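Structure first, then comments.
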Amino acid sequence: MTLHDLLVFDSRDALVAAAAERIAALLGTISGRGAVCLTGGSTIVPVYQALARRPLREKIPVARIDWFFGDERFVPAGHALSNAAQAQEALLGPLGVRPERIHAMPTHAATPQAAADAYAATLAAYHGAERLAPDRPLFDLVLLGMGADGHVASLFPGQPGVEEGRRWVVGVDEAGHPPAVPRVSLTLPALASSRALLFIVAGPDKRPALSRVLAGDDLPAARVRSAGPVLWLMDRAAAPTTRIE
Ligand code: 6PG
């Protein structure tokens with residue numbers, strides 16, 4: 001991973017402010033219809049809140065963007081663990097995003113895999129194609145977090161979803177990381193199908209996995225490679241300590 005892919009900030013607050021500014025700037029470049037893939041987890045919440053406030057909200061072409069999710073906990077809509085409910089409260093509601101522009105994963109389906117298959121159909125219908133092509137990415141921007149175990153979305157180390165190279169969405173019956181509820185997750189090819197990808201990682205608990213990712217270890221987060229730039233934004237607490245030999 002070359003250095004220009006990483007930006008380290010002295011504090012979590014500085015990371016949040018910089019991440020929100022960069023996301024708003026990226027969204028401001030969307031000229032026609034745009035698609036954004038949101039992440040769950042806790043790190044992203046203050047970033048969503050900053051995006052929903054002036055001045056950044058004024059840079060976002062809300063009427064032209066459809067909002068998708070990189071993964072979801074298999075819980076009822078509106079549940080406290082729902083990534084869609086979290087994004088609705090912190091970002092989409094305050095931005096006034098129309099419900100038809102929000103594409104939550106259908107966690108009312110019978111099983112996580114049924115939800116995954118339905119969501120894959122939603123993505124294909126929106127995309128107008130059943131195949132991913134580097135010159136026609138699914139998304140303009142994918143936001144990602146990373147777990148302390150190196151997972152991305154709900155693709156956990158050692159689980160089959162990490163190896164999925166054909167399907168765009170998979171059901172995950174047992175999460176390899178809290179909260180221990182089943183999940184629905186985009187796969188690596190679908191997550192990578194974007195003009196730009198942004199990891200936002202904070203906190204000392206992430207440093208061991210981040211060190212391994214940057215050392216090239218085969219963790220799920222390290223396997224997110226795309227035609228577009230993959231930018232890692234992190235705070236100093238999460239950043240690996242590099243020894244100058
Ligand atoms: C989820 C997320 C997950 C998250 C990481 C980091 O559904 O929980 O999509 O991939 O981004 O686990 O979470 P934190 O930001 O809470 O550390």
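Labeling convention for the structure tokens: chains A, B, ... as they appear, residues from 1 per chain, ligands from 1 in order of appearance.
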All residues within 8 Å of ligand 1 are required, counting only C-alpha atoms and all ligand atoms; please report them as a CSV table (one decimal) with C-alpha atoms, in the first residue's frame.
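And here is the file that came out, pocket_27.csv:
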```
chain,number,residue,atom,x,y,z
A,39,THR,CA,-21.2,1.7,6.6
A,40,GLY,CA,-22.4,0.8,10.0
A,41,GLY,CA,-20.4,0.7,13.3
A,42,SER,CA,-19.8,3.4,15.8
A,43,THR,CA,-16.9,5.3,14.3
A,44,ILE,CA,-18.9,6.6,11.4
A,70,GLY,CA,-22.4,-2.3,2.7
A,71,ASP,CA,-23.8,-4.5,5.4
A,72,GLU,CA,-26.6,-4.9,7.9
A,73,ARG,CA,-27.4,-6.7,11.0
A,83,ASN,CA,-27.2,0.2,10.4
A,144,LEU,CA,-16.0,1.4,5.2
A,145,GLY,CA,-15.0,0.7,8.8
A,146,MET,CA,-12.7,-2.0,10.0
A,147,GLY,CA,-13.2,-4.3,13.0
A,148,ALA,CA,-10.4,-5.0,15.5
A,151,HIS,CA,-13.2,-7.6,9.2
A,152,VAL,CA,-14.8,-5.3,6.7
A,153,ALA,CA,-18.5,-4.8,6.3
A,154,SER,CA,-19.7,-8.2,7.7
A,155,LEU,CA,-16.9,-10.2,6.0
A,177,HIS,CA,-17.6,-10.2,15.9
A,178,PRO,CA,-20.0,-8.4,18.2
A,179,PRO,CA,-22.9,-7.7,17.9
A,183,ARG,CA,-25.7,-10.3,9.0
A,200,ILE,CA,-12.4,5.4,8.5
A,201,VAL,CA,-10.6,3.7,11.4
A,202,ALA,CA,-10.1,5.0,14.9
A,206,LYS,CA,-7.7,-1.2,15.7
```
*Show which residues sit within 6 Å of Leu51 (chain A), as JSON, numbers by chain. Count only C-alpha atoms, and ignore same-chain residues fewer than 5 positions away.*
{"A": [20, 56, 57]}
*Per DSSP on the backbone, filter region 102-244 of chain A down to the residues in strand (DSSP E or B) and report them as a ChimeraX atom specification.*
/A:102,133,136,139,141-144,146,152,155,169-172,183-186,194,197-201,230-235
_Spatial neighbours of Leu138 (chain A), 12 Å, only C-alpha atoms, chain gap at least 4 places, as a VMD selection string_ = chain A and resid 33 to 37 66 to 68 70 120 122 to 134 142 168 186 189 to 197 226 to 228
*How far is it from CA of Pro106 (chain A) to CA of Arg223 (chain A), in Å with one decimal?*
26.4 Å
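If you count only C-alpha atoms and ignore residues fewer than 4 places along the chain from Gly96 (chain A), what sits within 10 Å of it is Ala52, Val62, Ala63, Gln88, Leu91 and Leu92 of chain A.
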Mind dumping the selected residues with C-alpha atoms as a PDB file, in the first residue's frame?
```pdb
ATOM      1  CA  ALA A  52     -25.761  16.571   8.037  1.00  0.00           C
ATOM      2  CA  VAL A  62     -29.087  15.011  -2.036  1.00  0.00           C
ATOM      3  CA  ALA A  63     -31.739  14.909  -4.780  1.00  0.00           C
ATOM      4  CA  GLN A  88     -31.426   7.427   9.098  1.00  0.00           C
ATOM      5  CA  LEU A  91     -27.556  11.468   8.318  1.00  0.00           C
ATOM      6  CA  LEU A  92     -30.420  10.594   5.971  1.00  0.00           C
TER       7      LEU A  92
END
```
*Skipping near chain neighbours, those fewer than 4 positions away, what residues fall within 8 Å of Leu26 (chain A) using only C-alpha atoms, listed as a ChimeraX atom specification?*
/A:22,30,141
*asked:* According to DSSP computed on the backbone, where in region 32-89 of chain A is there helix (DSSP H, G or I)? Give the residues as an MDAnalysis selection string.
replied: chainID A and resid 45:51 56:59 62:64 83:89
